[in-house]
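Chemist: Have a look at the structure that comes next, please.
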Amino acid sequence: MSWEGTSRRKVLIAKLGLDGHDRGAKVIAMALRDAGFRVVYLGVHQSPENVVRVALEEDVEAVGVSILSGSHEELVSDLIRVARERGLKVPILVGGVIPPEDVGKLKEVGVYEVFLPGIPLSKIVEAFRKAVGESA
Amino acid sequence: MSSSERVRERLLEWEREVLEPILRRAPERRKAFTTEEGIEVRRLYTPLDLEGWDYLEKLGFPGAYPFTRGVYPTMYRGRPWTIRQYAGYGSAEDTNERYRYLLSIGQTGLSMAFDLPTQLGYDPDHPLAWYEVGKVGVSMPSVQEMDIVFRDIPMDRISTSMTINATAIEVLSMYIAVAESRGIPRAVLDGTVQNDILKEYVARNNYIYPPEPSMRYSVDLILFAAKEMPKWNSISISGYHMEEAGATPAMEVAFTLADAIEYVRWVMERGRVPVDTFAPRLSFFFAARTNLFEQVAKFRAARRMWARIMRDMFGAKDPRSMMLRFHTQTAGVLLTAQQPMVNIIRTTIQALAAVLGGTQSLHVNSYDEALCLPTEESVKLSVRVQQVILYESGVVDTVDPLGGAYYIEWLTDQIEERAWKYIDEVERMGGMLRAVKLGYPQREIARAAYEWQLKVERGEVPVVGVNIFVEPEVPKVKILKVDPAARERVVTRLRKFRESRDQIKVRDALDRVRRAAEREDVNIFTPIYEAVKVGATVGEISGVLREVWGEWRAPEVF
């Protein structure tokens with residue numbers, strides 16, 4: 001399929017925090033790309049400030065962050081705080097090694113969707129489509 | 001008629017008279033059966049699959065070249081593998097408690113996990129570090145913390161493995177300093193430091209500096225240990241993280257050995273030392289997946305290839321230089337959050353693969369690790385898995401019990417052949433350092449990871465609880481949470497420690513680290529060790545090295 005000339009939706013994928021496990025983030029970036037998204041892949045060791053700055057510069061429509069180090073609560077709270085301060089209004093999606101009991105807390109602080117281990121790629125792609133206002 | 005002609009004749013007869021009628025009535029479940037590597041597996045293996053195969057050339061005897069059957073002549077009949085669970089979290093006190101618990105239930109060696117700030121050269125009060133203090137390992141900013149971790153643990157009798165790379169010299173220095181303060185000389189210390197920076201760029205991502213100064217740092221540790229720590233493994237060249245990132249078994253073997261080749265070249269050139277002065281202390285680290293026979297073949301192929309590389313490529317004479325001694329960890333990526341207890345069964349098969357593959361040391365993942373760090377209860381089961389294999393299964397009673405099996409030997413050859421192709425490709429690029437800067441192994445691994453995931457999605461890779469035999473509810477698992485007070489404890493203690501030091505001595509020691517880093521011709525180990533001894537922190541030392549060497553930004557891989 002060719003996407004030349006169509007208005008492809010742009011999303012950002014980043015590894016938030018110091019965690020280096022980037023297999024999931026890369027696989028999701030590739031899946032989103034294959035599904036027709038334009039993906040800005042920011043890579044590892046990203047601070048909340050940097051993710052928000054690049055999201056604004058690149059004018060993305062959704063931000064996906066991956067965290068496997070168990071630091072998701074504080075990192076994501078800060079990411080959402082910084083996003084609000086800087087006026088970034090796009091949905092933020094989070095995945096990683098996250099215990100099911102933390103999902104509620106992450107959604108409470110404003111996360112659009114949380115992906116737990118083992119979720120199919122198709123569901124993740126679908127969630128991003130919904131996040132950018134596209135029907136699947 | 002020769003023996004193989006007779007076998008061939010009887011095989012054809014069997015196919016005609018026994019097999020074909022059955023296949024007509026009951027066809028096989030799939031058209032093709034393949035390993036995870038993508039090797040097509042035949043229905044049956046016979047001596048005909050090993051025609052021209054030479055026992056002495058391919059296998060020989062355990063403890064002798066080419067070490068295919070094992071690095072020691074008696075293997076587990078003489079000495080069991082080391083039961084070594086990777087552990088550490090929170091503050092030094094939490095970790096000390098966990099280590100003493102593990103030893104109390106029968107663990108026979110320690111394996112230290114450090115938190116991300118320690119691994120990336122930040123003190124816990126650094127703004128980038130704060131979120132991650134004590135989360136995936138113990139926080140280790142200063143020598144004082146190491147002393148607490150090893151309270152009531154006999155450093156002269158236990159072997160310790162440390163997963164530390166970009167800050168390996170700082171952390172090993174702390175270990176030496178604490179041991180020496182207890183009257184234990186460095187020469188008797190037994191253990192391993194991972195110190196494998198190349199695989200950080202390939203797969204694990206805990207690098208700090210650009211590749212060249214990082215290689216110099218790693219090599220300086222190897223050269224130091226070769227002189228002063230005869231029982232210490234100065235590097236653990238790791239395929240585990242490549243497998244976790246998506247590498248196939250042949251890629252895991254190939255990129256690990258390609259890394260090893262690069263280290264050997266660098267040490268010989270930088271140290272101007274013969275290969276046998278340091279090679280006996282090089283060690284390895286692989287993953288064990290559930291695909292049992294392919295994994296066993298992988299370990300055996302790796303051993304044979306390393307022996308060839310050392311003898312033929314580097315002219316090693318000492319047999320110990322040719323022995324691929326390795327630690328194994330069961331594959332974390334194969335753990336599922338769904339029906340987590342099933343993970344105990346998976347890890348048992350994986351652990352068996354490691355043992356049948358001849359590992360020297362083993363970590364078995366715990367069933368809850370797709371969700372959190374293991375609890376005491378779950379890690380105990382991991383130790384018990386090892387003990388059941390060791391004491392009840394009988395697989396340890398003979399050396400290399402699968403050796404000579406037509407399938408295993410055929411598969412070992414297949415893995416070896418595929419792995420050499422990747423090594424040749426890396427060599428064409430000018431070695432692993434160049435390949436890493438070009439992003440070659442990173443791209444190959446990312447591609448394999450994506451292909452694997454697509455296969456899981458399509459149901460081509462069945463995973464119990466994930467795409468077959470799915471249950472709607474995720475059962476509740478007891479979650480280990482790192483005590484938030486641990487971070488406060490670590491930071492408060494660090495601030496006090498910084499004030500208590502002789503500031504002039506610290507400043508001078510850091511200056512010497514800087515001057516050593518600026519020059520090419522001195523070993524950086526001792527200046528760092530001296531700085532650690534007078535109380536310089538990991539963050540301070542890495543800070544100096546960052547100023548001199550800069551930081552690495554990964555190449556775009558897609």
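Starting from 1 in every chain, residues are counted up; chains themselves are A, B, ... following the order of the structure tokens, and ligands are numbered from 1 as listed.
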Please run DSSP on the backbone and report, as a PyMOL selection string, all residues within chain A that come out as helix (DSSP H, G or I).
Modeler: chain A and resi 23-34+48-58+72-86+100-108+121-131
Chemist: Put those residues in a file: C-alpha atoms, as an mmCIF file, in the first residue's frame.
Modeler:
```
data_model
loop_
_atom_site.group_PDB
_atom_site.id
_atom_site.type_symbol
_atom_site.label_atom_id
_atom_site.label_comp_id
_atom_site.auth_asym_id
_atom_site.auth_seq_id
_atom_site.Cartn_x
_atom_site.Cartn_y
_atom_site.Cartn_z
ATOM 1 C CA ARG A 23 12.059 -4.320 22.158
ATOM 2 C CA GLY A 24 8.410 -3.513 22.807
ATOM 3 C CA ALA A 25 8.726 0.142 21.835
ATOM 4 C CA LYS A 26 10.457 -0.743 18.585
ATOM 5 C CA VAL A 27 7.994 -3.507 17.703
ATOM 6 C CA ILE A 28 5.077 -1.143 18.334
ATOM 7 C CA ALA A 29 6.743 1.591 16.276
ATOM 8 C CA MET A 30 7.116 -0.883 13.401
ATOM 9 C CA ALA A 31 3.530 -2.082 13.723
ATOM 10 C CA LEU A 32 2.199 1.470 13.718
ATOM 11 C CA ARG A 33 4.297 2.281 10.690
ATOM 12 C CA ASP A 34 2.974 -0.781 8.882
ATOM 13 C CA PRO A 48 9.322 13.800 30.524
ATOM 14 C CA GLU A 49 10.495 17.264 29.425
ATOM 15 C CA ASN A 50 12.154 15.928 26.297
ATOM 16 C CA VAL A 51 9.180 13.799 25.285
ATOM 17 C CA VAL A 52 6.840 16.795 25.596
ATOM 18 C CA ARG A 53 9.229 19.110 23.745
ATOM 19 C CA VAL A 54 9.599 16.742 20.786
ATOM 20 C CA ALA A 55 5.866 15.975 20.737
ATOM 21 C CA LEU A 56 5.163 19.711 20.391
ATOM 22 C CA GLU A 57 7.922 20.315 17.818
ATOM 23 C CA GLU A 58 6.824 17.389 15.682
ATOM 24 C CA HIS A 72 5.753 4.158 35.666
ATOM 25 C CA GLU A 73 3.704 5.875 38.364
ATOM 26 C CA GLU A 74 6.020 8.819 38.981
ATOM 27 C CA LEU A 75 7.357 9.079 35.440
ATOM 28 C CA VAL A 76 3.912 9.143 33.869
ATOM 29 C CA SER A 77 2.529 11.600 36.442
ATOM 30 C CA ASP A 78 5.392 13.932 35.638
ATOM 31 C CA LEU A 79 4.961 13.447 31.899
ATOM 32 C CA ILE A 80 1.310 14.437 32.171
ATOM 33 C CA ARG A 81 2.087 17.381 34.431
ATOM 34 C CA VAL A 82 4.737 18.696 32.025
ATOM 35 C CA ALA A 83 2.396 18.119 29.051
ATOM 36 C CA ARG A 84 -0.283 20.220 30.754
ATOM 37 C CA GLU A 85 2.185 22.966 31.657
ATOM 38 C CA ARG A 86 3.451 23.215 28.081
ATOM 39 C CA PRO A 100 -2.852 -4.676 36.586
ATOM 40 C CA GLU A 101 -3.610 -2.938 39.883
ATOM 41 C CA ASP A 102 -1.751 0.184 38.661
ATOM 42 C CA VAL A 103 -3.951 0.698 35.605
ATOM 43 C CA GLY A 104 -6.589 2.620 37.532
ATOM 44 C CA LYS A 105 -4.026 4.981 39.018
ATOM 45 C CA LEU A 106 -2.482 5.723 35.625
ATOM 46 C CA LYS A 107 -5.885 6.422 34.077
ATOM 47 C CA GLU A 108 -6.767 8.667 37.011
ATOM 48 C CA LEU A 121 -0.381 -5.584 18.509
ATOM 49 C CA SER A 122 -3.708 -5.271 16.728
ATOM 50 C CA LYS A 123 -5.287 -3.922 19.935
ATOM 51 C CA ILE A 124 -2.465 -1.415 20.344
ATOM 52 C CA VAL A 125 -2.800 -0.187 16.767
ATOM 53 C CA GLU A 126 -6.553 0.071 17.242
ATOM 54 C CA ALA A 127 -6.094 2.142 20.403
ATOM 55 C CA PHE A 128 -3.771 4.543 18.591
ATOM 56 C CA ARG A 129 -6.302 4.886 15.751
ATOM 57 C CA LYS A 130 -8.987 5.732 18.259
ATOM 58 C CA ALA A 131 -6.640 8.090 20.083
#
```
Chemist: Pick out the chain A residues within 6 Å of chain B. Count only C-alpha atoms. Give them as a PyMOL selection string.
Modeler: chain A and resi 20+23+27+69+71+97-99
Chemist: If you keep C-alpha atoms, can you produce a file of those selected residues as a tab-separated table (two decimals), in the first residue's frame?
Modeler:
```tsv
chain	number	residue	atom	x	y	z
A	20	GLY	CA	16.78	0.37	28.19
A	23	ARG	CA	12.06	-4.32	22.16
A	27	VAL	CA	7.99	-3.51	17.70
A	69	SER	CA	11.51	-0.64	35.14
A	71	SER	CA	8.91	3.49	37.69
A	97	VAL	CA	5.77	-4.22	32.82
A	98	ILE	CA	2.86	-2.74	34.75
A	99	PRO	CA	0.90	-4.65	37.40
```
Chemist: List as a VMD selection string the protein and nucleic acid residues near stretch 70-74 of chain B, meaning an atom at most 10 Å away when only C-alpha atoms are counted, but skip any in the same chain fewer than 2 places from it.
Modeler: chain B and resid 59 to 68 76 to 79 299 to 300 303 to 304 319 to 320 322 to 326 356 to 360 397 to 400
Chemist: Dump N, CA and C atoms for the selected residues as a compact mmCIF listing (two decimals), in the first residue's frame?
Modeler:
```txt
# COMPACT_ATOMS: atom_id res chain seq x y z
N LEU B 59 33.12 -33.60 18.16
CA LEU B 59 32.85 -33.67 19.60
C LEU B 59 34.10 -33.84 20.45
N GLY B 60 34.88 -34.82 20.16
CA GLY B 60 36.00 -35.11 21.05
C GLY B 60 35.47 -35.51 22.42
N PHE B 61 36.23 -35.13 23.46
CA PHE B 61 35.86 -35.54 24.81
C PHE B 61 35.71 -34.32 25.71
N PRO B 62 34.87 -34.43 26.73
CA PRO B 62 34.65 -33.26 27.59
C PRO B 62 35.94 -32.83 28.26
N GLY B 63 36.10 -31.53 28.42
CA GLY B 63 37.31 -31.02 29.04
C GLY B 63 38.47 -30.94 28.08
N ALA B 64 38.23 -31.26 26.82
CA ALA B 64 39.30 -31.19 25.81
C ALA B 64 38.73 -30.60 24.52
N TYR B 65 39.63 -30.05 23.72
CA TYR B 65 39.25 -29.45 22.45
C TYR B 65 38.41 -30.41 21.62
N PRO B 66 37.33 -29.97 20.94
CA PRO B 66 36.78 -28.60 20.89
C PRO B 66 35.71 -28.32 21.94
N PHE B 67 35.69 -29.08 23.01
CA PHE B 67 34.83 -28.81 24.17
C PHE B 67 33.33 -28.87 23.87
N THR B 68 32.94 -29.47 22.76
CA THR B 68 31.51 -29.53 22.42
C THR B 68 30.72 -30.21 23.54
N TYR B 76 28.90 -32.29 35.81
CA TYR B 76 28.16 -32.16 37.06
C TYR B 76 28.39 -33.35 38.01
N ARG B 77 29.03 -34.40 37.51
CA ARG B 77 29.42 -35.48 38.43
C ARG B 77 30.46 -34.96 39.41
N GLY B 78 31.28 -34.02 38.93
CA GLY B 78 32.31 -33.45 39.79
C GLY B 78 31.78 -32.29 40.59
N ARG B 79 31.14 -31.35 39.89
CA ARG B 79 30.72 -30.13 40.57
C ARG B 79 29.45 -29.60 39.92
N PHE B 299 23.96 -24.09 22.70
CA PHE B 299 25.06 -24.04 23.67
C PHE B 299 26.26 -24.86 23.18
N ARG B 300 25.96 -26.01 22.61
CA ARG B 300 27.04 -26.90 22.15
C ARG B 300 27.76 -26.27 20.95
N ARG B 303 30.07 -23.48 22.09
CA ARG B 303 31.31 -23.98 22.71
C ARG B 303 32.33 -24.39 21.65
N ARG B 304 31.85 -25.12 20.66
CA ARG B 304 32.76 -25.59 19.61
C ARG B 304 33.33 -24.42 18.80
N PRO B 319 44.54 -24.52 26.90
CA PRO B 319 43.16 -25.01 26.68
C PRO B 319 42.11 -24.16 27.39
N ARG B 320 42.49 -23.56 28.52
CA ARG B 320 41.51 -22.75 29.26
C ARG B 320 41.06 -21.53 28.45
N MET B 322 40.37 -21.65 25.44
CA MET B 322 39.43 -22.13 24.42
C MET B 322 38.11 -22.59 25.02
N MET B 323 38.02 -22.56 26.35
CA MET B 323 36.80 -23.05 27.01
C MET B 323 35.77 -21.96 27.09
N LEU B 324 34.61 -22.22 26.54
CA LEU B 324 33.51 -21.27 26.68
C LEU B 324 32.73 -21.64 27.94
N ARG B 325 33.06 -20.92 29.02
CA ARG B 325 32.34 -21.13 30.28
C ARG B 325 31.20 -20.12 30.32
N PHE B 326 30.00 -20.56 30.69
CA PHE B 326 28.89 -19.61 30.62
C PHE B 326 27.87 -19.73 31.74
N LEU B 356 21.33 -29.44 30.19
CA LEU B 356 21.70 -30.38 29.13
C LEU B 356 22.69 -29.73 28.16
N GLY B 357 22.71 -28.40 28.15
CA GLY B 357 23.66 -27.66 27.31
C GLY B 357 24.99 -27.42 27.99
N GLY B 358 25.09 -27.78 29.26
CA GLY B 358 26.39 -27.72 29.95
C GLY B 358 26.74 -26.39 30.60
N THR B 359 25.73 -25.70 31.15
CA THR B 359 26.00 -24.39 31.77
C THR B 359 26.84 -24.52 33.04
N GLN B 360 27.55 -23.43 33.38
CA GLN B 360 28.34 -23.42 34.62
C GLN B 360 27.60 -22.74 35.76
N ASP B 397 23.87 -37.19 35.77
CA ASP B 397 24.68 -38.36 36.12
C ASP B 397 25.72 -38.74 35.07
N THR B 398 25.51 -38.28 33.84
CA THR B 398 26.51 -38.55 32.82
C THR B 398 26.81 -37.25 32.07
N VAL B 399 27.95 -37.18 31.46
CA VAL B 399 28.36 -35.95 30.78
C VAL B 399 27.66 -35.86 29.42
N ASP B 400 27.11 -34.68 29.12
CA ASP B 400 26.50 -34.41 27.81
C ASP B 400 25.59 -35.56 27.37
```
Chemist: Please give the complete set of residues from chain A that DSSP, run on the backbone, assigns to strand (DSSP E), formatted as a PyMOL selection string.
Modeler: chain A and resi 10-16+38-46+62-67+92-96+113-115
Chemist: Using C-alpha atoms, can you write the selected residues to a file as a compact mmCIF listing (two decimals), in the first residue's frame?
Modeler:
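Wrote again09.txt, looks like this:
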```txt
# COMPACT_ATOMS: atom_id res chain seq x y z
CA LYS A 10 1.78 11.24 13.18
CA VAL A 11 2.55 9.72 16.58
CA LEU A 12 5.54 9.65 18.90
CA ILE A 13 6.98 6.56 20.58
CA ALA A 14 9.54 6.93 23.35
CA LYS A 15 11.20 5.08 26.20
CA LEU A 16 10.46 7.23 29.24
CA ARG A 38 4.06 8.28 10.63
CA VAL A 39 6.12 7.38 13.70
CA VAL A 40 8.65 9.59 15.42
CA TYR A 41 10.76 7.06 17.35
CA LEU A 42 12.62 8.87 20.10
CA GLY A 43 14.52 5.93 21.59
CA VAL A 44 15.79 5.31 25.11
CA HIS A 45 16.62 7.46 28.15
CA GLN A 46 13.99 10.14 27.60
CA ALA A 62 -0.60 10.89 20.20
CA VAL A 63 2.29 9.91 22.44
CA GLY A 64 3.15 6.34 23.40
CA VAL A 65 5.66 5.66 26.15
CA SER A 66 7.09 2.33 27.28
CA ILE A 67 8.43 1.65 30.78
CA ILE A 92 -0.84 9.67 26.10
CA LEU A 93 -0.67 5.88 25.94
CA VAL A 94 1.51 3.76 28.26
CA GLY A 95 2.78 0.20 28.05
CA GLY A 96 5.29 -2.01 29.81
CA GLU A 113 -4.83 3.83 27.53
CA VAL A 114 -2.58 1.34 29.36
CA PHE A 115 -1.17 -1.75 27.67
```
Chemist: Show me, as a PDB file with C-alpha atoms, in the first residue's frame, the residues that have an atom within 10 Å of stretch 428-435 of chain B when counting only C-alpha atoms, minus same-chain residues fewer than 3 positions from it.
Modeler:
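Here's the written file selection33.pdb:
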```
ATOM      1  CA  LEU B 198      29.333  -3.893  23.098  1.00  0.00           C
ATOM      2  CA  LYS B 199      26.082  -5.693  23.806  1.00  0.00           C
ATOM      3  CA  TYR B 201      24.916  -0.819  22.115  1.00  0.00           C
ATOM      4  CA  VAL B 202      23.485  -3.913  20.416  1.00  0.00           C
ATOM      5  CA  PRO B 211      32.067   3.063  21.708  1.00  0.00           C
ATOM      6  CA  GLU B 212      35.839   3.735  21.497  1.00  0.00           C
ATOM      7  CA  MET B 215      36.040  -0.241  24.775  1.00  0.00           C
ATOM      8  CA  PHE B 255      26.842 -11.642  17.722  1.00  0.00           C
ATOM      9  CA  THR B 256      28.121 -12.791  21.120  1.00  0.00           C
ATOM     10  CA  LEU B 257      31.151 -14.485  19.608  1.00  0.00           C
ATOM     11  CA  ALA B 258      31.675 -11.505  17.282  1.00  0.00           C
ATOM     12  CA  ASP B 259      31.725  -9.278  20.367  1.00  0.00           C
ATOM     13  CA  ALA B 260      34.207 -11.667  21.969  1.00  0.00           C
ATOM     14  CA  ILE B 261      36.470 -11.515  18.913  1.00  0.00           C
ATOM     15  CA  GLU B 262      36.443  -7.722  19.122  1.00  0.00           C
ATOM     16  CA  TYR B 263      37.385  -7.768  22.820  1.00  0.00           C
ATOM     17  CA  ARG B 265      41.643  -8.037  19.464  1.00  0.00           C
ATOM     18  CA  TYR B 422      26.548 -13.722  10.665  1.00  0.00           C
ATOM     19  CA  ILE B 423      30.103 -13.661  12.017  1.00  0.00           C
ATOM     20  CA  ASP B 424      31.465 -13.478   8.468  1.00  0.00           C
ATOM     21  CA  GLU B 425      29.136 -10.570   7.752  1.00  0.00           C
ATOM     22  CA  LEU B 438      26.423   1.037  11.498  1.00  0.00           C
ATOM     23  CA  GLY B 439      23.472  -0.414  13.428  1.00  0.00           C
ATOM     24  CA  TYR B 440      23.763  -3.816  11.729  1.00  0.00           C
ATOM     25  CA  PRO B 441      23.123  -6.196  14.660  1.00  0.00           C
ATOM     26  CA  GLN B 442      20.552  -3.773  16.095  1.00  0.00           C
TER      27      GLN B 442
END
```
Chemist: Tell me, in Å to one decimal, how far atom CA of B:Val273 is from atom CA of B:Ala179.
Modeler: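 Here the two named atoms are 28.3 Å from each other.
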